[in-house]
Structures are given as C-alpha cells and as structure tokens.
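Colleague: If it helps, the file is called query.txt and holds compact mmCIF, C-alpha atoms:
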# COMPACT_ATOMS: atom_id res chain seq x y z
CA MET Z 1 10.22 30.95 14.47
CA LEU Z 2 10.97 27.43 13.27
CA GLY Z 3 8.33 24.84 12.44
CA ARG Z 4 7.53 22.04 14.83
CA SER Z 5 10.09 19.22 14.87
CA PHE Z 6 9.17 15.55 15.11
CA GLN Z 7 10.99 12.48 16.31
CA VAL Z 8 12.37 10.55 13.35
CA ILE Z 9 12.77 6.78 13.25
CA GLY Z 10 14.41 4.57 10.64
CA ILE Z 11 17.78 3.11 9.78
CA PRO Z 12 19.46 2.66 6.38
CA TRP Z 13 18.50 -0.42 4.39
CA PRO Z 14 21.00 -3.27 3.95
CA ASP Z 15 22.23 -3.74 0.40
CA LEU Z 16 20.43 -7.11 0.10
CA ASN Z 17 17.33 -8.38 1.86
CA ASP Z 18 17.15 -11.77 3.60
CA GLY Z 19 15.48 -13.63 0.77
CA LEU Z 20 12.28 -15.62 1.30
CA PHE Z 21 11.15 -19.16 2.04
CA TYR Z 22 7.87 -20.45 0.62
CA ASN Z 23 6.59 -23.57 2.40
CA ASP Z 24 4.02 -26.07 1.15
CA VAL Z 25 2.75 -29.39 2.48
CA VAL Z 26 1.75 -31.83 -0.26
CA LYS Z 27 -2.01 -32.40 -0.24
CA PRO Z 28 -3.73 -35.62 -1.38
CA SER Z 29 -4.74 -33.88 -4.61
CA ASP Z 30 -1.07 -33.11 -5.38
CA SER Z 31 0.35 -36.50 -4.42
CA GLY Z 32 1.92 -38.29 -7.38
CA MET Z 33 2.60 -35.02 -9.22
CA SER Z 34 6.13 -34.24 -10.36
CA LEU Z 35 8.01 -31.40 -8.68
CA ILE Z 36 8.10 -29.29 -11.84
CA ASP Z 37 4.39 -29.80 -12.50
CA PHE Z 38 3.59 -28.82 -8.92
CA TYR Z 39 5.39 -25.49 -9.10
CA SER Z 40 4.70 -24.57 -12.72
CA ARG Z 41 0.96 -25.15 -12.24
CA LYS Z 42 0.43 -24.00 -8.66
CA TYR Z 43 2.63 -20.92 -8.93
CA LYS Z 44 2.48 -20.10 -12.62
CA SER Z 45 2.06 -16.40 -11.80
CA SER Z 46 5.49 -16.44 -10.12
CA ALA Z 47 7.54 -17.89 -12.98
CA PRO Z 48 7.19 -19.69 -16.32
CA LEU Z 49 8.05 -23.39 -16.66
CA GLU Z 50 11.63 -22.58 -17.67
CA GLY Z 51 12.05 -20.34 -14.65
CA TRP Z 52 10.98 -23.10 -12.24
CA LEU Z 53 13.38 -25.51 -13.95
CA GLN Z 54 16.16 -22.98 -13.34
CA ARG Z 55 15.21 -22.67 -9.66
CA ILE Z 56 15.21 -26.43 -9.19
CA GLN Z 57 18.61 -26.79 -10.87
CA ASN Z 58 19.95 -23.93 -8.70
CA GLU Z 59 19.23 -26.05 -5.60
CA GLN Z 60 16.51 -23.69 -4.39
CA ILE Z 61 13.97 -26.45 -3.71
CA THR Z 62 13.96 -28.95 -0.83
CA ILE Z 63 11.64 -31.82 -0.02
CA ASP Z 64 11.58 -32.78 3.67
CA GLY Z 65 14.86 -30.95 4.14
CA GLN Z 66 16.68 -32.59 1.19
CA VAL Z 67 17.83 -30.46 -1.75
CA ILE Z 68 16.20 -31.75 -4.94
CA THR Z 69 17.58 -31.02 -8.41
CA ASP Z 70 15.53 -33.54 -10.41
CA PRO Z 71 12.42 -31.77 -11.69
CA GLU Z 72 10.65 -35.10 -12.27
CA THR Z 73 10.82 -36.11 -8.59
CA ILE Z 74 7.40 -37.43 -7.55
CA LEU Z 75 5.72 -35.79 -4.58
CA ARG Z 76 4.17 -37.80 -1.75
CA ILE Z 77 1.31 -36.76 0.50
CA GLY Z 78 2.42 -34.93 3.65
CA SER Z 79 5.90 -34.04 2.39
CA GLU Z 80 7.12 -30.50 3.09
CA VAL Z 81 8.23 -28.70 -0.06
CA VAL Z 82 10.21 -25.47 0.34
CA TYR Z 83 11.29 -22.96 -2.30
CA ARG Z 84 14.01 -20.54 -1.24
CA ARG Z 85 14.19 -17.24 -3.05
CA PHE Z 86 17.75 -15.93 -2.86
CA PRO Z 87 18.38 -12.47 -1.31
CA TRP Z 88 18.10 -9.60 -3.77
CA LYS Z 89 18.60 -5.84 -3.87
CA GLU Z 90 15.28 -4.06 -3.62
CA PRO Z 91 14.70 -0.76 -5.44
CA ASP Z 92 15.87 2.40 -3.68
CA THR Z 93 13.33 3.71 -1.14
CA PRO Z 94 13.28 6.21 1.72
CA CYS Z 95 13.98 4.80 5.19
CA LEU Z 96 13.10 7.64 7.57
CA LEU Z 97 9.67 8.22 9.15
CA GLU Z 98 8.50 11.14 11.28
CA VAL Z 99 6.51 10.27 14.42
CA LEU Z 100 3.47 12.58 14.40
CA TYR Z 101 1.77 11.13 17.49
CA GLU Z 102 2.51 8.36 19.97
CA ASP Z 103 1.08 6.95 23.19
CA ASP Z 104 0.78 3.50 24.77
CA GLU Z 105 -1.94 2.39 22.33
CA MET Z 106 -0.95 3.81 18.96
CA ILE Z 107 1.61 5.60 16.87
CA ALA Z 108 1.02 7.76 13.79
CA LEU Z 109 3.79 8.16 11.23
CA ASN Z 110 4.41 10.55 8.36
CA LYS Z 111 5.12 8.13 5.52
CA PRO Z 112 7.26 9.46 2.68
CA SER Z 113 6.28 8.89 -0.93
CA GLY Z 114 8.13 5.90 -2.39
CA LEU Z 115 8.00 3.70 0.72
CA GLN Z 116 5.68 0.69 0.69
CA VAL Z 117 3.65 -0.06 3.84
CA LEU Z 118 3.56 -3.87 3.86
CA PRO Z 119 5.70 -6.52 2.12
CA GLY Z 120 4.67 -7.37 -1.42
CA GLY Z 121 6.23 -7.89 -4.84
CA VAL Z 122 9.87 -6.79 -5.00
CA PHE Z 123 9.53 -4.97 -1.67
CA GLN Z 124 9.85 -7.61 1.03
CA GLN Z 125 12.16 -5.77 3.42
CA ARG Z 126 12.06 -2.10 2.46
CA THR Z 127 8.68 -1.36 4.03
CA VAL Z 128 7.20 0.67 6.87
CA LEU Z 129 6.46 -2.57 8.71
CA THR Z 130 10.13 -3.55 8.71
CA GLN Z 131 11.24 -0.19 10.09
CA LEU Z 132 8.57 -0.44 12.81
CA GLN Z 133 9.82 -3.90 13.76
CA TRP Z 134 13.45 -2.73 13.89
CA TRP Z 135 12.49 0.35 15.91
CA SER Z 136 10.34 -1.51 18.45
CA SER Z 137 13.01 -4.20 18.95
CA LYS Z 138 15.44 -1.46 20.03
CA GLN Z 139 13.10 -0.05 22.67
CA SER Z 140 13.54 -0.98 26.33
CA SER Z 141 13.58 -4.67 27.21
CA SER Z 142 10.26 -4.17 28.99
CA VAL Z 143 8.51 -3.78 25.64
CA SER Z 144 6.55 -6.95 25.02
CA GLU Z 145 5.15 -8.40 21.83
CA GLU Z 146 1.88 -6.71 22.76
CA LEU Z 147 3.51 -3.35 22.04
CA HIS Z 148 4.95 -4.14 18.61
CA PRO Z 149 3.17 -1.63 16.35
CA VAL Z 150 1.53 -2.65 13.07
CA PRO Z 151 -0.13 -0.49 10.39
CA VAL Z 152 -3.94 -0.72 10.51
CA HIS Z 153 -4.54 0.59 7.00
CA ARG Z 154 -2.56 1.09 3.82
CA LEU Z 155 -1.33 4.02 1.83
CA GLY Z 156 -0.22 3.61 -1.76
CA ARG Z 157 3.55 3.51 -2.23
CA GLY Z 158 3.47 6.88 -3.96
CA THR Z 159 1.18 8.43 -1.33
CA SER Z 160 2.70 10.37 1.57
CA GLY Z 161 1.27 11.39 4.92
CA ILE Z 162 -0.39 9.93 7.99
CA LEU Z 163 -0.16 6.20 8.56
CA LEU Z 164 -1.91 4.98 11.70
CA CYS Z 165 -0.40 2.01 13.56
CA ALA Z 166 -1.70 0.06 16.54
CA LYS Z 167 0.53 -1.00 19.43
CA THR Z 168 -1.97 -3.19 21.28
CA ARG Z 169 -4.63 -5.76 20.49
CA LEU Z 170 -7.27 -3.38 21.82
CA ALA Z 171 -6.20 -0.63 19.44
CA ARG Z 172 -5.99 -3.06 16.54
CA THR Z 173 -9.52 -4.31 17.18
CA GLN Z 174 -10.97 -0.82 17.65
CA PHE Z 175 -9.35 0.63 14.55
CA ALA Z 176 -10.51 -2.30 12.43
CA ALA Z 177 -14.05 -1.65 13.64
CA TYR Z 178 -13.75 2.09 12.89
CA PHE Z 179 -12.67 1.50 9.29
CA ALA Z 180 -15.23 -1.26 8.72
CA ASP Z 181 -18.02 0.95 10.03
CA GLY Z 182 -17.16 3.75 7.60
CA THR Z 183 -17.16 1.40 4.63
CA SER Z 184 -20.39 -0.32 5.67
CA CYS Z 185 -22.18 3.06 5.90
CA VAL Z 186 -21.47 3.57 2.20
CA GLY Z 187 -22.85 0.13 1.40
CA ARG Z 188 -26.13 0.85 3.20
CA SER Z 189 -26.94 4.04 1.34
CA ARG Z 190 -25.93 5.81 -1.85
CA ASN Z 191 -27.11 9.15 -0.42
CA ASN Z 192 -24.33 9.57 2.14
CA THR Z 193 -23.13 13.00 3.11
CA MET Z 194 -19.93 13.78 4.88
CA GLU Z 195 -21.96 15.40 7.64
CA GLU Z 196 -22.49 11.83 8.77
CA GLY Z 197 -18.77 11.88 9.55
CA THR Z 198 -19.60 13.37 12.95
CA LYS Z 199 -21.07 9.97 13.84
CA ARG Z 200 -18.01 8.07 12.63
CA LYS Z 201 -15.08 7.20 14.85
CA ILE Z 202 -12.42 8.02 12.27
CA SER Z 203 -12.14 10.40 9.31
CA LYS Z 204 -9.32 11.04 6.85
CA ILE Z 205 -8.63 14.15 4.78
CA TYR Z 206 -6.18 14.16 1.88
CA ARG Z 207 -4.58 16.78 -0.32
CA ALA Z 208 -4.12 16.09 -4.02
CA LEU Z 209 -3.08 17.84 -7.19
CA VAL Z 210 -5.19 16.87 -10.20
CA ALA Z 211 -4.90 17.46 -13.92
CA GLY Z 212 -7.16 20.08 -15.44
CA ILE Z 213 -9.57 22.51 -13.83
CA ILE Z 214 -12.46 21.33 -11.66
CA HIS Z 215 -15.06 24.06 -12.07
CA ASP Z 216 -17.42 23.12 -9.25
CA ASP Z 217 -16.21 24.09 -5.77
CA GLU Z 218 -17.49 20.83 -4.31
CA VAL Z 219 -17.92 17.41 -5.95
CA SER Z 220 -19.32 14.19 -4.47
CA ILE Z 221 -18.24 10.93 -6.08
CA ASP Z 222 -19.95 7.59 -5.44
CA GLN Z 223 -18.40 5.57 -8.27
CA PRO Z 224 -18.21 1.83 -7.35
CA ILE Z 225 -14.76 0.25 -7.44
CA GLY Z 226 -13.97 -3.32 -8.50
CA ARG Z 227 -11.21 -5.41 -10.04
CA MET Z 228 -10.21 -6.38 -13.56
CA ARG Z 229 -7.52 -8.68 -14.92
CA TYR Z 230 -4.31 -6.82 -15.59
CA PRO Z 231 -0.77 -8.00 -16.45
CA GLY Z 232 1.64 -7.83 -13.54
CA VAL Z 233 -1.10 -7.58 -10.88
CA ALA Z 234 -1.85 -11.12 -9.74
CA GLN Z 235 -5.03 -10.35 -7.77
CA GLY Z 236 -6.39 -7.97 -10.38
CA LEU Z 237 -6.31 -4.18 -10.76
CA TYR Z 238 -8.84 -1.96 -8.98
CA VAL Z 239 -10.75 0.28 -11.39
CA ALA Z 240 -14.00 2.19 -11.72
CA THR Z 241 -16.75 -0.27 -12.61
CA SER Z 242 -20.51 -0.39 -12.11
CA SER Z 243 -20.19 -3.96 -10.82
CA GLY Z 244 -17.76 -2.95 -8.05
CA LYS Z 245 -18.28 -2.24 -4.36
CA PRO Z 246 -19.72 1.08 -3.11
CA ALA Z 247 -17.25 3.91 -2.48
CA TYR Z 248 -17.72 7.55 -1.54
CA SER Z 249 -15.43 10.59 -1.74
CA LYS Z 250 -16.08 14.28 -1.21
CA VAL Z 251 -13.84 16.71 -3.10
CA ASN Z 252 -13.40 20.39 -2.26
CA VAL Z 253 -11.47 22.71 -4.56
CA LEU Z 254 -8.85 24.76 -2.72
CA GLU Z 255 -7.07 26.51 -5.59
CA ARG Z 256 -7.14 26.56 -9.38
CA ASP Z 257 -4.08 27.09 -11.55
CA GLU Z 258 -4.32 30.38 -13.42
CA GLN Z 259 -2.95 28.70 -16.54
CA GLY Z 260 -5.67 26.03 -16.43
CA LYS Z 261 -3.34 23.08 -16.01
CA HIS Z 262 -4.18 21.72 -12.58
CA THR Z 263 -6.37 22.03 -9.47
CA LEU Z 264 -5.43 21.69 -5.80
CA VAL Z 265 -8.10 19.76 -3.92
CA GLN Z 266 -8.99 18.41 -0.51
CA VAL Z 267 -10.54 14.95 -0.46
CA GLU Z 268 -12.40 13.31 2.40
CA ILE Z 269 -13.17 9.62 2.06
CA GLN Z 270 -15.71 7.59 3.96
CA SER Z 271 -14.97 4.19 2.45
CA GLY Z 272 -11.42 2.94 2.03
CA ARG Z 273 -11.26 1.03 -1.24
CA PRO Z 274 -7.76 0.43 -2.66
CA HIS Z 275 -6.54 3.44 -4.69
CA GLN Z 276 -9.94 5.06 -4.14
CA ILE Z 277 -8.87 8.67 -4.51
CA ARG Z 278 -6.82 7.98 -7.64
CA ILE Z 279 -9.71 6.08 -9.21
CA HIS Z 280 -12.45 8.50 -8.16
CA LEU Z 281 -10.71 11.63 -9.37
CA SER Z 282 -9.75 10.02 -12.66
CA SER Z 283 -13.34 8.76 -13.04
CA ILE Z 284 -14.57 12.38 -13.23
CA GLY Z 285 -11.92 13.27 -15.79
CA HIS Z 286 -9.27 14.67 -13.45
CA PRO Z 287 -6.61 12.05 -12.68
CA LEU Z 288 -3.90 12.92 -10.19
CA LEU Z 289 -1.20 14.99 -11.84
CA GLY Z 290 1.65 12.66 -12.76
CA ASP Z 291 -0.29 9.43 -12.14
CA PRO Z 292 1.30 6.87 -14.51
CA LEU Z 293 -1.55 4.35 -14.14
CA TYR Z 294 -5.05 5.82 -13.95
CA VAL Z 295 -6.47 8.02 -16.70
CA ALA Z 296 -9.85 9.68 -17.29
CA GLY Z 297 -12.68 7.26 -16.63
CA GLY Z 298 -10.98 5.53 -13.71
CA GLN Z 299 -9.31 3.01 -16.02
CA PRO Z 300 -5.66 2.01 -16.48
CA ASN Z 301 -3.52 3.85 -18.99
CA CYS Z 302 -3.06 0.68 -21.04
CA LEU Z 303 -6.14 -1.54 -21.01
CA HIS Z 304 -4.59 -4.10 -23.32
CA SER Z 305 -1.05 -4.05 -21.96
CA GLU Z 306 0.91 -7.25 -22.07
CA LEU Z 307 4.28 -8.46 -20.85
CA VAL Z 308 6.39 -7.48 -23.81
CA ASP Z 309 9.20 -9.81 -22.77
CA GLN Z 310 7.85 -13.24 -21.81
CA SER Z 311 11.32 -14.51 -20.94
CA PHE Z 312 12.27 -14.96 -17.30
CA ALA Z 313 14.44 -12.73 -15.16
CA GLU Z 314 17.66 -13.61 -13.37
CA ASP Z 315 15.81 -15.20 -10.44
CA GLY Z 316 13.61 -17.29 -12.73
CA GLY Z 317 10.55 -15.09 -12.34
CA TYR Z 318 8.83 -13.06 -15.02
CA GLN Z 319 10.32 -9.82 -16.24
CA ARG Z 320 8.74 -6.75 -14.69
CA PRO Z 321 5.72 -5.52 -16.70
CA THR Z 322 6.64 -2.70 -19.04
CA LYS Z 323 3.30 -1.00 -18.42
CA PRO Z 324 2.29 0.96 -15.27
CA VAL Z 325 1.32 -0.91 -12.08
CA PRO Z 326 -0.32 0.44 -8.87
CA GLY Z 327 2.97 0.79 -6.98
CA ASP Z 328 4.45 3.18 -9.52
CA CYS Z 329 4.94 6.70 -8.15
CA GLY Z 330 4.87 10.16 -9.70
CA TYR Z 331 1.52 11.50 -8.50
CA TYR Z 332 0.81 14.02 -5.71
CA LEU Z 333 -1.37 12.67 -2.91
CA HIS Z 334 -0.90 13.31 0.81
CA ALA Z 335 -2.83 12.00 3.84
CA HIS Z 336 -3.01 15.37 5.58
CA GLN Z 337 -5.37 15.05 8.55
CA LEU Z 338 -6.74 12.21 10.66
CA VAL Z 339 -9.41 12.65 13.35
CA LEU Z 340 -10.32 9.65 15.49
CA HIS Z 341 -11.69 8.54 18.82
CA HIS Z 342 -8.89 7.20 20.99
CA PRO Z 343 -9.23 3.38 21.19
CA LYS Z 344 -8.95 3.35 24.99
CA THR Z 345 -10.24 6.70 26.28
CA SER Z 346 -12.64 7.63 23.41
CA GLU Z 347 -11.12 11.11 23.50
CA VAL Z 348 -11.06 12.83 20.09
CA VAL Z 349 -7.51 12.99 18.69
CA LYS Z 350 -6.53 15.10 15.67
CA ILE Z 351 -3.30 14.34 13.84
CA VAL Z 352 -1.84 16.52 11.09
CA ALA Z 353 1.00 15.68 8.68
CA PRO Z 354 2.84 18.77 7.34
CA LEU Z 355 2.07 19.46 3.70
CA PRO Z 356 4.67 19.05 0.95
CA PRO Z 357 5.29 22.46 -0.67
CA ILE Z 358 3.62 21.48 -3.94
CA LEU Z 359 0.34 20.71 -2.11
CA ARG Z 360 0.11 24.02 -0.25
CA THR Z 361 -2.13 26.90 -1.28
CA HIS Z 362 -0.44 30.21 -2.03
CA GLY Z 363 -1.56 31.47 1.37
CA GLU Z 364 -0.13 28.45 3.17
CA SER Z 365 3.17 28.83 1.31
CA GLU Z 366 3.39 32.48 2.36
CA ASP Z 367 2.63 31.58 5.99
CA ALA Z 368 5.30 28.88 5.97
CA GLY Z 369 7.81 31.34 4.52
CA ASN Z 370 6.99 33.91 7.20
CA ARG Z 371 7.43 31.33 9.99
CA VAL Z 372 10.85 30.33 8.68
CA GLY Z 373 11.84 33.95 8.27
Would you kindly transcribe this structure into structure tokens?

Modeller:
Amino acid sequence: MLGRSFQVIGIPWPDLNDGLFYNDVVKPSDSGMSLIDFYSRKYKSSAPLEGWLQRIQNEQITIDGQVITDPETILRIGSEVVYRRFPWKEPDTPCLLEVLYEDDEMIALNKPSGLQVLPGGVFQQRTVLTQLQWWSSKQSSSVSEELHPVPVHRLGRGTSGILLCAKTRLARTQFAAYFADGTSCVGRSRNNTMEEGTKRKISKIYRALVAGIIHDDEVSIDQPIGRMRYPGVAQGLYVATSSGKPAYSKVNVLERDEQGKHTLVQVEIQSGRPHQIRIHLSSIGHPLLGDPLYVAGGQPNCLHSELVDQSFAEDGGYQRPTKPVPGDCGYYLHAHQLVLHHPKTSEVVKIVAPLPPILRTHGESEDAGNRVG
C-alpha cells in the first residue's frame, strides 16, 4: 500500500529575479542634503559610502524620474528619489510545495527546508509567497484578489513542515487573533500548562533532533526571548535573555540515541517568538543537531563576530557575514501537526505533514517501510 499523495504546486525559478526599486520622498529634514549623504546615512546598513558612490555612478539612482550620476546633487523637499537594485541570481532553493489541506478559506502547505517564506535579504523572489502568487494567478479567471493566499505565520528557512496560509480577509483576521491569543496567554502567566491548549484556537506540534541526551521525559521551558545587536542582522538577533518577552515551550522526549549523541523530541509551543524552538532547546543545553547559529545557553555561536571583509560586494552592498545568521540551514526541525478551529465554521481541523525519515522514531520507520512494502 502506498502512502497518501498530495497535490504539488510550484514552478522552477528564473535564473535572475526582477531586481528591486526602493522609493523615497524627500522630507523637510532631508532637504538640502546631498544625494550621497542621504543614502550613506539613511541606508548605511545596506552599503558603505563607497558602495553608494558606485550605485550612483552606475545610474541606479533617479530623482523625479531623471537619472543622477553626481553624488553631490542637492535634494529638495518633495522630490521622489528611487534606487534600483539590478536583478541578481538568488541562492539555490527548492521550488515545490505539497498541498496538505485546502478549502475556500485557507490552504496549508508542506514547506521544504531551504525555502524562505517571505521576501528578505538575498531572497526576494525565491520564497513561498512568490510561488503562492504564481499559483493563484494561474487559477480560473473567477479567482479574485480576495482569494490570493498569504502565509499567516513564518517558519525559519531551514525548518520544514506545515505553513498555514489564508485565502480570505476573514481567515487572515481570525488566524491573526488565534496566534495573538496564544502569545498573550504566556504574557499573563508564567505558570502556563499545555492543558490550556484545549482553550486555544490553534496549536502547533514540531519534531526536532537535538544534540545530547535529554534525561527527563518531559521538559517545560519558559525562557524569555529578546534581541541583541549582531553583525549581518539589521533588526537584531533573537536570543535567550531575561529582559526579553515571555515564551513557553513544552518538550517531550520520543527516543534517545543509544550512543548518547542525540535525542528525538516533540515540541509544542504556545507563544510564537522568532526561532523560539531553536533558542529554547539550546537554552537548556541541547541545541538542534546541526544548528550553525545557536549554541548552549540560547546564544549565537559567535558573540563577537564581525564582518571580516568590510569591502563592498559587486552590487555595492556589504559582503555577506562570514559568521552564522538565522537563515542558515543544517538543523532538523519540522512543523508536524497543526490543530485549529476553522475560521468560518469553527470546526476543528487537524493537519499533518509527513515526517522526514531522520525525524521518525524506529517504530514509525518500520511502519513506513511496511506500508511501502
């Protein structure tokens, strides 16, 4: 007997993306400033001074529709300033997504590891959102803008599994309320239990493989999560810190490696802080196996990392950091189950994403082998 098959969506990525346009309108506070000062000060995290000079000389900047190559051009209030980033080849990523569930209100996808959910950094086209837009545009002409699906939460680029997307404004609003309610419950009390999950409208269960042996069968983690300055992460890196926001995870051990190298766990989260599972498990001394960024204590692998090469790249921007960043892959984390109240009918819906072989227990692997056989 063969396993269940799913509809697959996705088309191959073009070699180059479409590039980007960044628009600004000169404010009174910026009037009288030179073009180079405007960009090198306002967007210093994008490129060094020399990089912005290169972009200006490459005719990538316009003011009110006119290409400007003089970096000392003075800006006037109300002028529209546009920087065009030329198309570039994004890193290789998967393009196919399994449809785990779909109706008129929502669609749930099985996201592969290595595919980013929303545009950001070097990934502006090769994202789940882009594939959703391409897929929905090819549906029947009766499909309106109301039915264009959008992800309602994020999964890390290296995380695989269930990604929930809303097709309608109603679903979008309801899902936002579901997620906000779960996070606010953590903020109201530090003595949460996952039994409270029966009152919640949405719950998520993950599988993960962690380094070392977790001896307790069940572990509750309420380590707050906040941000710290970190090279290559403009908005700051999320880490374990007592000054952060409340977060809660419940960990259940499923299987321990006989050689003492790793533990297979199930993790249920109530809050949804960025990189919560990676940070929480590393905070108790068991980072995800293969995680290049987070180490024991819920801190980055290189606290004092710097950009080794301060020169600018071909497009004028900074060289990529040589140290790990959140989007780096290599760890084993899978969004396995999602239980939620349907946004329109309130009916309970359970969605399951098939487990990667490495995240199955021995019993599950044997069952899968018997089904194939």

Colleague: Using all atoms listed in the file, can you tell me which of Z:Thr173, Z:Ser79, Z:Ser137, Z:Asn17 comes closest to Gln125 of chain Z?

Modeller: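 Selected residue with least distance to Gln125 of chain Z: Z:Asn17.
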
Colleague: Skipping near chain neighbours, those fewer than 3 positions away, what residues fall within 6 Å of segment 323-338 of chain Z using all atoms listed in the file, listed as a list in words?

Modeller: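 After dropping sequence-adjacent residues, the list is Arg157, Gly158, Thr159, Ser160, Gly161, Ile162, Ser203, Lys204, Ile205, Tyr206, Arg207, Ala208, Leu209, Leu288, Leu289, Gly290, Asp291, Leu293, Lys350, Ile351, Val352 and Ala353 of chain Z.
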
Colleague: Can you pull out every residue within 12 Å of Asp37 of chain Z, counting all atoms listed in the file, but drop anything in the same chain fewer than 2 positions away, and send it as a list in words?

Modeller: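 The residues satisfying every condition are Asp30, Ser31, Gly32, Met33, Ser34, Leu35, Tyr39, Ser40, Arg41, Lys42, Tyr43, Lys44, Pro48, Leu49, Glu50, Trp52, Leu53, Ile56, Asp70, Pro71, Glu72, Thr73, Ile74 and Leu75 of chain Z.
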
Colleague: Can you measure atom CA of Phe21 of chain Z to atom CA of Trp88 of chain Z for me? One decimal in Å is fine.

Modeller: 13.2 Å

Colleague: Using all atoms listed in the file, which of the listed residues (Z:Arg273, Z:Arg172, Z:His341, Z:Arg126) sits closest to Leu96 of chain Z?

Modeller: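 Of Z:Arg273, Z:Arg172, Z:His341, Z:Arg126, the one nearest Leu96 of chain Z is Z:Arg126, counting all atoms listed in the file.
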
Colleague: Could you tell me how far atom CA of Asp181 of chain Z lies from atom CA of Asp103 of chain Z, in Å and to one decimal?

Modeller: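 Those two atoms sit 24.0 Å apart.
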